file structure-v9.txt (compact mmCIF, C-alpha atoms and all ligand atoms)
# COMPACT_ATOMS: atom_id res chain seq x y z
CA PHE Z 1 12.72 9.24 -8.81
CA ASP Z 2 12.50 11.38 -11.96
CA GLU Z 3 10.17 13.74 -10.16
CA LYS Z 4 10.58 14.65 -6.48
CA VAL Z 5 7.10 13.41 -5.61
CA LEU Z 6 7.53 14.19 -1.89
CA ALA Z 7 9.31 17.55 -2.29
CA GLY Z 8 8.58 19.87 0.64
CA LYS Z 9 7.09 17.08 2.77
CA GLN Z 10 8.23 16.21 6.29
CA VAL Z 11 8.11 12.45 6.78
CA LEU Z 12 8.40 10.73 10.15
CA LEU Z 13 8.99 6.95 10.25
CA THR Z 14 9.49 4.26 12.85
CA ALA Z 15 11.53 1.14 12.06
CA GLY Z 16 13.06 -1.94 13.62
CA PRO Z 17 12.09 -3.90 16.71
CA THR Z 18 11.83 -2.52 20.22
CA PHE Z 19 13.78 -3.91 23.18
CA GLU Z 20 11.93 -4.26 26.47
CA PRO Z 21 14.34 -4.87 29.39
CA ILE Z 22 13.79 -7.71 31.85
CA ASP Z 23 16.86 -6.87 33.91
CA ALA Z 24 20.23 -5.14 33.40
CA VAL Z 25 21.35 -7.54 30.65
CA ARG Z 26 18.22 -9.26 29.32
CA GLY Z 27 15.15 -8.25 27.41
CA ILE Z 28 12.24 -9.09 25.11
CA THR Z 29 12.55 -8.25 21.44
CA ASN Z 30 11.49 -9.66 18.05
CA ILE Z 31 12.98 -10.69 14.71
CA SER Z 32 12.41 -7.39 12.87
CA SER Z 33 15.63 -6.35 11.09
CA GLY Z 34 14.60 -2.77 10.29
CA LYS Z 35 15.35 -3.32 6.59
CA MET Z 36 11.87 -2.37 5.28
CA GLY Z 37 11.69 0.80 7.39
CA TYR Z 38 15.20 1.93 6.46
CA ALA Z 39 14.48 1.22 2.77
CA LEU Z 40 11.32 3.34 3.01
CA ALA Z 41 13.23 6.13 4.77
CA ARG Z 42 15.74 6.19 1.89
CA ALA Z 43 12.93 6.11 -0.68
CA CYS Z 44 11.22 9.11 0.99
CA ARG Z 45 14.55 10.97 1.07
CA ASP Z 46 15.17 10.21 -2.62
CA ALA Z 47 11.66 11.49 -3.40
CA GLY Z 48 12.63 14.87 -1.94
CA ALA Z 49 11.16 14.59 1.59
CA GLU Z 50 12.85 15.69 4.81
CA VAL Z 51 13.01 12.46 6.76
CA THR Z 52 13.17 11.68 10.49
CA LEU Z 53 13.66 8.01 11.36
CA VAL Z 54 12.91 6.80 14.88
CA SER Z 55 14.63 3.45 15.06
CA GLY Z 56 14.77 0.61 17.52
CA PRO Z 57 18.02 -1.39 17.77
CA THR Z 58 19.17 -2.68 14.36
CA ALA Z 59 22.46 -3.70 12.75
CA LEU Z 60 21.88 -1.31 9.82
CA ALA Z 61 23.92 1.72 8.74
CA ALA Z 62 22.33 5.11 9.35
CA PRO Z 63 20.93 6.36 6.02
CA VAL Z 64 22.67 9.55 4.84
CA ASN Z 65 20.66 12.78 4.87
CA VAL Z 66 18.09 11.27 7.21
CA ARG Z 67 17.67 12.46 10.81
CA LEU Z 68 18.09 9.29 12.93
CA LEU Z 69 16.67 9.14 16.46
CA PRO Z 70 17.71 5.84 18.08
CA VAL Z 71 15.49 4.35 20.80
CA GLN Z 72 15.27 1.07 22.69
CA THR Z 73 11.82 0.63 24.20
CA ALA Z 74 8.29 1.18 22.86
CA SER Z 75 7.84 3.94 25.47
CA GLU Z 76 10.91 5.76 24.16
CA MET Z 77 9.64 5.30 20.59
CA TYR Z 78 6.25 6.70 21.62
CA GLN Z 79 7.89 9.76 23.28
CA ALA Z 80 10.14 10.43 20.29
CA VAL Z 81 7.26 10.14 17.82
CA LEU Z 82 4.94 12.39 19.82
CA SER Z 83 7.59 15.09 20.13
CA GLU Z 84 8.22 15.00 16.34
CA VAL Z 85 4.75 14.45 14.93
CA GLY Z 86 3.59 18.08 15.13
CA ARG Z 87 5.83 19.11 12.27
CA SER Z 88 5.18 16.01 10.12
CA ASP Z 89 3.02 15.77 7.00
CA VAL Z 90 3.29 11.97 6.84
CA PHE Z 91 3.79 9.29 9.51
CA ILE Z 92 4.89 5.83 8.34
CA SER Z 93 4.81 3.24 11.11
CA VAL Z 94 7.01 0.33 10.08
CA ALA Z 95 8.41 -0.65 13.49
CA ALA Z 96 7.54 -4.00 15.05
CA VAL Z 97 6.59 -2.43 18.37
CA ALA Z 98 6.34 -4.75 21.37
CA ASP Z 99 2.74 -5.02 22.52
CA TYR Z 100 3.88 -5.55 26.12
CA ARG Z 101 6.70 -4.39 28.38
CA VAL Z 102 7.99 -5.97 31.59
CA LYS Z 103 6.20 -4.54 34.59
CA ASN Z 104 8.52 -5.97 37.24
CA ARG Z 105 11.83 -5.23 35.49
CA SER Z 106 14.89 -5.51 37.70
CA GLU Z 107 17.57 -2.83 37.78
CA HIS Z 108 20.20 -5.48 38.56
CA LYS Z 109 20.99 -8.73 36.83
CA LEU Z 110 18.69 -11.46 38.10
CA LYS Z 111 20.52 -14.32 39.80
CA LYS Z 112 19.66 -17.92 39.16
CA GLY Z 113 18.03 -19.21 42.34
CA ASP Z 114 15.52 -21.65 43.68
CA ALA Z 115 12.44 -20.14 42.11
CA VAL Z 116 11.88 -19.60 38.39
CA PRO Z 117 11.31 -15.83 38.01
CA ALA Z 118 7.87 -14.70 36.90
CA ILE Z 119 7.83 -12.03 34.24
CA GLU Z 120 4.84 -9.73 34.57
CA LEU Z 121 3.76 -7.86 31.48
CA GLU Z 122 1.83 -4.64 30.94
CA GLU Z 123 0.55 -3.14 27.71
CA ASN Z 124 2.51 -0.62 25.65
CA PRO Z 125 0.74 2.32 24.01
CA ASP Z 126 -0.22 1.86 20.34
CA ILE Z 127 1.88 4.55 18.66
CA LEU Z 128 0.16 4.39 15.26
CA ALA Z 129 -3.38 4.46 16.67
CA THR Z 130 -2.43 7.39 18.92
CA VAL Z 131 -0.98 9.41 16.03
CA ALA Z 132 -3.87 8.57 13.69
CA GLY Z 133 -6.30 9.77 16.38
CA LEU Z 134 -4.67 13.20 16.86
CA PRO Z 135 -6.88 16.16 15.89
CA ALA Z 136 -4.18 17.37 13.45
CA ALA Z 137 -2.99 13.91 12.41
CA PRO Z 138 -0.49 13.63 9.56
CA PHE Z 139 -1.29 11.24 6.69
CA CYS Z 140 -0.70 7.85 8.35
CA VAL Z 141 0.68 4.70 6.76
CA GLY Z 142 0.60 1.49 8.81
CA PHE Z 143 2.05 -1.97 8.33
CA ALA Z 144 0.51 -5.30 9.20
CA ALA Z 145 2.65 -8.41 9.48
CA GLU Z 146 0.32 -11.38 9.78
CA SER Z 147 1.08 -15.08 9.68
CA GLN Z 148 -2.40 -16.07 8.43
CA ASN Z 149 -5.63 -14.54 7.00
CA LEU Z 150 -3.42 -11.70 5.78
CA LEU Z 151 -5.86 -9.47 3.93
CA ASP Z 152 -8.79 -9.91 6.35
CA PHE Z 153 -6.69 -9.19 9.44
CA ALA Z 154 -4.91 -6.31 7.68
CA GLU Z 155 -8.14 -4.63 6.58
CA GLN Z 156 -9.56 -4.99 10.11
CA LYS Z 157 -6.37 -3.35 11.41
CA ARG Z 158 -6.65 -0.50 8.91
CA LYS Z 159 -10.22 0.21 10.06
CA ARG Z 160 -9.48 -0.16 13.77
CA LYS Z 161 -6.43 2.12 13.74
CA LYS Z 162 -8.13 4.53 11.26
CA VAL Z 163 -5.20 4.71 8.83
CA PRO Z 164 -5.87 5.63 5.18
CA LEU Z 165 -3.08 3.41 3.82
CA LEU Z 166 -1.92 0.06 5.18
CA VAL Z 167 0.81 -2.22 3.87
CA ALA Z 168 0.08 -5.91 4.44
CA ASN Z 169 2.78 -8.58 4.39
CA LEU Z 170 3.25 -12.12 5.61
CA ALA Z 171 5.39 -12.03 8.75
CA GLN Z 172 7.20 -15.29 8.07
CA GLN Z 173 8.13 -14.07 4.57
CA ALA Z 174 8.96 -10.44 5.33
CA MET Z 175 10.72 -10.24 8.68
CA GLY Z 176 14.50 -10.28 8.37
CA ALA Z 177 14.39 -10.91 4.60
CA ASP Z 178 15.86 -8.76 1.80
CA HIS Z 179 12.76 -9.13 -0.40
CA ASN Z 180 9.13 -8.50 0.38
CA GLU Z 181 5.78 -9.11 -1.31
CA VAL Z 182 3.15 -6.67 -0.07
CA VAL Z 183 -0.44 -5.64 -0.71
CA LEU Z 184 -1.40 -1.98 -0.28
CA LEU Z 185 -4.86 -1.47 1.23
CA ASP Z 186 -6.72 1.83 1.01
CA ASP Z 187 -10.26 3.13 0.48
CA SER Z 188 -10.02 2.28 -3.22
CA GLY Z 189 -9.28 -1.39 -2.50
CA GLN Z 190 -6.38 -3.85 -2.62
CA HIS Z 191 -3.24 -3.16 -4.65
CA PRO Z 192 -0.87 -6.16 -4.73
CA LEU Z 193 2.81 -5.60 -5.62
CA PRO Z 194 5.08 -8.36 -6.93
CA ALA Z 195 7.88 -9.82 -4.76
CA LEU Z 196 10.70 -7.26 -4.96
CA PRO Z 197 13.85 -6.20 -3.13
CA LYS Z 198 12.84 -4.05 -0.13
CA ASP Z 199 14.38 -0.92 -1.72
CA GLU Z 200 12.01 -1.30 -4.68
CA VAL Z 201 9.04 -2.05 -2.42
CA GLY Z 202 9.89 1.19 -0.59
CA ARG Z 203 9.88 3.15 -3.82
CA ALA Z 204 6.57 1.64 -4.93
CA ILE Z 205 4.98 2.52 -1.59
CA VAL Z 206 6.28 6.10 -1.91
CA ALA Z 207 4.82 6.39 -5.42
CA HIS Z 208 1.42 5.18 -4.14
CA LEU Z 209 1.66 7.48 -1.10
CA ALA Z 210 2.42 10.52 -3.28
CA ARG Z 211 -0.65 9.78 -5.44
CA SER Z 212 -2.80 9.46 -2.29
CA LEU Z 213 -1.53 12.81 -0.95
CA ASN Z 214 -2.38 14.56 -4.21
CA ARG Z 215 -5.88 13.15 -4.40
O1 LIG F 301 -1.54 -4.30 15.81
P1 LIG F 301 -0.27 -4.51 15.10
O2 LIG F 301 0.94 -4.45 15.99
O3 LIG F 301 -0.19 -5.71 14.21
O4 LIG F 301 -0.23 -3.27 14.10
C1 LIG F 301 0.84 -3.04 13.28
C2 LIG F 301 0.98 -1.57 12.98
O5 LIG F 301 0.82 -0.79 14.16
C3 LIG F 301 2.36 -1.24 12.49
O6 LIG F 301 2.26 -0.12 11.61
C4 LIG F 301 3.10 -0.88 13.78
O7 LIG F 301 4.21 -0.07 13.52
C5 LIG F 301 2.03 -0.17 14.57
N1 LIG F 301 2.13 -0.29 16.03
C6 LIG F 301 2.44 0.83 16.81
N2 LIG F 301 2.49 0.72 18.19
C7 LIG F 301 2.24 -0.45 18.79
C8 LIG F 301 1.92 -1.59 18.02
C9 LIG F 301 1.88 -1.47 16.65
O8 LIG F 301 2.67 1.91 16.25
N3 LIG F 301 2.31 -0.51 20.12

call {"tool": "encode", "arguments": {"input": "structure-v9.txt", "output": "structure tokens"}}
result
Amino acid sequence: FDEKVLAGKQVLLTAGPTFEPIDAVRGITNISSGKMGYALARACRDAGAEVTLVSGPTALAAPVNVRLLPVQTASEMYQAVLSEVGRSDVFISVAAVADYRVKNRSEHKLKKGDAVPAIELEENPDILATVAGLPAAPFCVGFAAESQNLLDFAEQKRKRKKVPLLVANLAQQAMGADHNEVVLLDDSGQHPLPALPKDEVGRAIVAHLARSLNR
């Protein structure tokens, strides 16, 4: 960035999947790689922000000059975000958070037996909706990965979670990939970006975000 468009801003991000244990060695997760969230964290850092990255399990290197808080479960991610959000100007929710966790998780490794085990699920808190609903909420940026009806579903999500800026992408195209093609949705409408490497998508989102903050 020629200009440090996020100078003096505290940015909190979530990235990666979550891991919801079933027993001591097994769990439920998803195919999020964390690449988009880490790219955005680096873009915010390069734009002059102080960056805290709450990350689920990924195979990625910790970005330099970014405070990294590793977590496993959605509950841990929720706790970490809520303890950090008070000092944040911007919250960017990129993580693919599990909607459900295992209610009857076993401390010990389940043994193969006569009966097929039943996995009971219970709902996880919605981290983004919680943060966006705080009385002193930071500026919130959400993501929507949809596999169909992308822009309709994404705009509904933006309204439901009350986030001013939402990044829509096709799940089957974005998750795990090095490139991404996104559409930014805000009160002024739809802003499509071309297919780009995730680092460049991150920088374009930061440029749009900085303009929104200054409006
Ligand atoms: O509802 P859906 O999961 O598709 O919404 C996606 C957006 O909400 C993403 O920004 C994601 O990080 C966030 N989210 C969250 N907590 C959840 C579920 C989703 O913060 N439990």

call {"tool": "closest_atom_pairs", "arguments": {"input": "structure-v9.txt", "of": "chain Z", "to": "ligand LIG 301 (chain F)", "cutoff": "9 Å", "atoms": "all atoms listed in the file", "output": "CSV"}}
result
residue,atom,partner,partner_atom,distance
Z:Thr14,CA,F:LIG301,O7,6.9
Z:Ala15,CA,F:LIG301,O7,7.6
Z:Ala74,CA,F:LIG301,N3,6.8
Z:Ser75,CA,F:LIG301,N3,8.9
Z:Met77,CA,F:LIG301,N2,8.8
Z:Tyr78,CA,F:LIG301,N2,7.9
Z:Ile92,CA,F:LIG301,O6,7.3
Z:Ser93,CA,F:LIG301,O7,4.1
Z:Val94,CA,F:LIG301,O7,4.5
Z:Ala95,CA,F:LIG301,O7,4.2
Z:Ala96,CA,F:LIG301,O7,5.4
Z:Val97,CA,F:LIG301,C8,4.8
Z:Ala98,CA,F:LIG301,N3,6.0
Z:Asp99,CA,F:LIG301,N3,5.1
Z:Tyr100,CA,F:LIG301,N3,8.0
Z:Glu123,CA,F:LIG301,N3,8.2
Z:Asn124,CA,F:LIG301,N3,5.5
Z:Pro125,CA,F:LIG301,N3,5.1
Z:Asp126,CA,F:LIG301,N3,3.5
Z:Ile127,CA,F:LIG301,O8,3.7
Z:Leu128,CA,F:LIG301,O8,3.7
Z:Ala129,CA,F:LIG301,O8,6.6
Z:Thr130,CA,F:LIG301,O8,7.9
Z:Val131,CA,F:LIG301,O8,8.3
Z:Val141,CA,F:LIG301,O6,7.0
Z:Gly142,CA,F:LIG301,O6,3.6
Z:Phe143,CA,F:LIG301,O6,3.8
Z:Ala144,CA,F:LIG301,C1,4.7
Z:Ala145,CA,F:LIG301,O3,6.1
Z:Glu146,CA,F:LIG301,O3,7.2
Z:Phe153,CA,F:LIG301,O3,8.8
Z:Ala154,CA,F:LIG301,O3,8.1
Z:Lys157,CA,F:LIG301,O1,6.6
Z:Arg158,CA,F:LIG301,O4,8.7
Z:Lys161,CA,F:LIG301,O5,7.8
Z:Leu166,CA,F:LIG301,O6,7.7
Z:Val167,CA,F:LIG301,O6,8.1

call {"tool": "write_last_selection", "arguments": {"input": "structure-v9.txt", "atoms": "C-alpha atoms", "output": "mmCIF file, keeping the file's coordinate frame"}}
result
data_model
loop_
_atom_site.group_PDB
_atom_site.id
_atom_site.type_symbol
_atom_site.label_atom_id
_atom_site.label_comp_id
_atom_site.auth_asym_id
_atom_site.auth_seq_id
_atom_site.Cartn_x
_atom_site.Cartn_y
_atom_site.Cartn_z
ATOM 1 C CA THR Z 14 9.490 4.260 12.850
ATOM 2 C CA ALA Z 15 11.530 1.140 12.060
ATOM 3 C CA ALA Z 74 8.290 1.180 22.860
ATOM 4 C CA SER Z 75 7.840 3.940 25.470
ATOM 5 C CA MET Z 77 9.640 5.300 20.590
ATOM 6 C CA TYR Z 78 6.250 6.700 21.620
ATOM 7 C CA ILE Z 92 4.890 5.830 8.340
ATOM 8 C CA SER Z 93 4.810 3.240 11.110
ATOM 9 C CA VAL Z 94 7.010 0.330 10.080
ATOM 10 C CA ALA Z 95 8.410 -0.650 13.490
ATOM 11 C CA ALA Z 96 7.540 -4.000 15.050
ATOM 12 C CA VAL Z 97 6.590 -2.430 18.370
ATOM 13 C CA ALA Z 98 6.340 -4.750 21.370
ATOM 14 C CA ASP Z 99 2.740 -5.020 22.520
ATOM 15 C CA TYR Z 100 3.880 -5.550 26.120
ATOM 16 C CA GLU Z 123 0.550 -3.140 27.710
ATOM 17 C CA ASN Z 124 2.510 -0.620 25.650
ATOM 18 C CA PRO Z 125 0.740 2.320 24.010
ATOM 19 C CA ASP Z 126 -0.220 1.860 20.340
ATOM 20 C CA ILE Z 127 1.880 4.550 18.660
ATOM 21 C CA LEU Z 128 0.160 4.390 15.260
ATOM 22 C CA ALA Z 129 -3.380 4.460 16.670
ATOM 23 C CA THR Z 130 -2.430 7.390 18.920
ATOM 24 C CA VAL Z 131 -0.980 9.410 16.030
ATOM 25 C CA VAL Z 141 0.680 4.700 6.760
ATOM 26 C CA GLY Z 142 0.600 1.490 8.810
ATOM 27 C CA PHE Z 143 2.050 -1.970 8.330
ATOM 28 C CA ALA Z 144 0.510 -5.300 9.200
ATOM 29 C CA ALA Z 145 2.650 -8.410 9.480
ATOM 30 C CA GLU Z 146 0.320 -11.380 9.780
ATOM 31 C CA PHE Z 153 -6.690 -9.190 9.440
ATOM 32 C CA ALA Z 154 -4.910 -6.310 7.680
ATOM 33 C CA LYS Z 157 -6.370 -3.350 11.410
ATOM 34 C CA ARG Z 158 -6.650 -0.500 8.910
ATOM 35 C CA LYS Z 161 -6.430 2.120 13.740
ATOM 36 C CA LEU Z 166 -1.920 0.060 5.180
ATOM 37 C CA VAL Z 167 0.810 -2.220 3.870
#

call {"tool": "residues_around", "arguments": {"input": "structure-v9.txt", "residues": "region 52-63 of chain Z", "least_positions_apart": "5", "cutoff": "6 Å", "atoms": "only C-alpha atoms", "output": "MDAnalysis selection string"}}
result
chainID Z and resid 12:18 68:72

call {"tool": "closest_atom_pairs", "arguments": {"input": "structure-v9.txt", "of": "region 3-57 of chain Z", "to": "region 101-121 of chain Z", "cutoff": "7 Å", "atoms": "only C-alpha atoms", "output": "Markdown table"}}
result
| residue | atom | partner | partner_atom | distance |
| --- | --- | --- | --- | --- |
| Z:Glu20 | CA | Z:Arg101 | CA | 5.6 |
| Z:Pro21 | CA | Z:Arg105 | CA | 6.6 |
| Z:Ile22 | CA | Z:Arg105 | CA | 4.8 |
| Z:Asp23 | CA | Z:Ser106 | CA | 4.5 |
| Z:Ala24 | CA | Z:Lys109 | CA | 5.0 |
| Z:Val25 | CA | Z:Lys109 | CA | 6.3 |

call {"tool": "atom_distance", "arguments": {"input": "structure-v9.txt", "atom1": "CA of Val51 (chain Z)", "atom2": "CA of Lys9 (chain Z)"}}
result
8.5 Å

call {"tool": "residues_around", "arguments": {"input": "structure-v9.txt", "residues": "region 41-50 of chain Z", "least_positions_apart": "3", "cutoff": "6 Å", "atoms": "only C-alpha atoms", "output": "mmCIF file with C-alpha atoms, keeping the file's coordinate frame"}}
result
data_model
loop_
_atom_site.group_PDB
_atom_site.id
_atom_site.type_symbol
_atom_site.label_atom_id
_atom_site.label_comp_id
_atom_site.auth_asym_id
_atom_site.auth_seq_id
_atom_site.Cartn_x
_atom_site.Cartn_y
_atom_site.Cartn_z
ATOM 1 C CA PHE Z 1 12.720 9.240 -8.810
ATOM 2 C CA LYS Z 4 10.580 14.650 -6.480
ATOM 3 C CA VAL Z 5 7.100 13.410 -5.610
ATOM 4 C CA LEU Z 6 7.530 14.190 -1.890
ATOM 5 C CA ALA Z 7 9.310 17.550 -2.290
ATOM 6 C CA GLY Z 8 8.580 19.870 0.640
ATOM 7 C CA LYS Z 9 7.090 17.080 2.770
ATOM 8 C CA GLN Z 10 8.230 16.210 6.290
ATOM 9 C CA TYR Z 38 15.200 1.930 6.460
ATOM 10 C CA GLY Z 202 9.890 1.190 -0.590
ATOM 11 C CA ARG Z 203 9.880 3.150 -3.820
#

call {"tool": "closest_residue", "arguments": {"input": "structure-v9.txt", "among": "Z:Pro164, Z:Pro192, Z:Gly133, Z:Pro197", "to": "Lys35 (chain Z)", "atoms": "all atoms listed in the file"}}
result
Z:Pro197

call {"tool": "atom_distance", "arguments": {"input": "structure-v9.txt", "atom1": "CA of Gln172 (chain Z)", "atom2": "CA of Ala204 (chain Z)"}}
result
21.4 Å

call {"tool": "atom_distance", "arguments": {"input": "structure-v9.txt", "atom1": "CA of Gly27 (chain Z)", "atom2": "CA of Gly176 (chain Z)"}}
result
19.2 Å

call {"tool": "closest_residue", "arguments": {"input": "structure-v9.txt", "among": "Z:Ala174, Z:Ile28, Z:Ala168, Z:Ala137", "to": "Leu193 (chain Z)", "atoms": "all atoms listed in the file"}}
result
Z:Ala168

call {"tool": "closest_residue", "arguments": {"input": "structure-v9.txt", "among": "Z:Asn214, Z:Gly37, Z:Gln148, Z:Leu165", "to": "Lys198 (chain Z)", "atoms": "all atoms listed in the file"}}
result
Z:Gly37
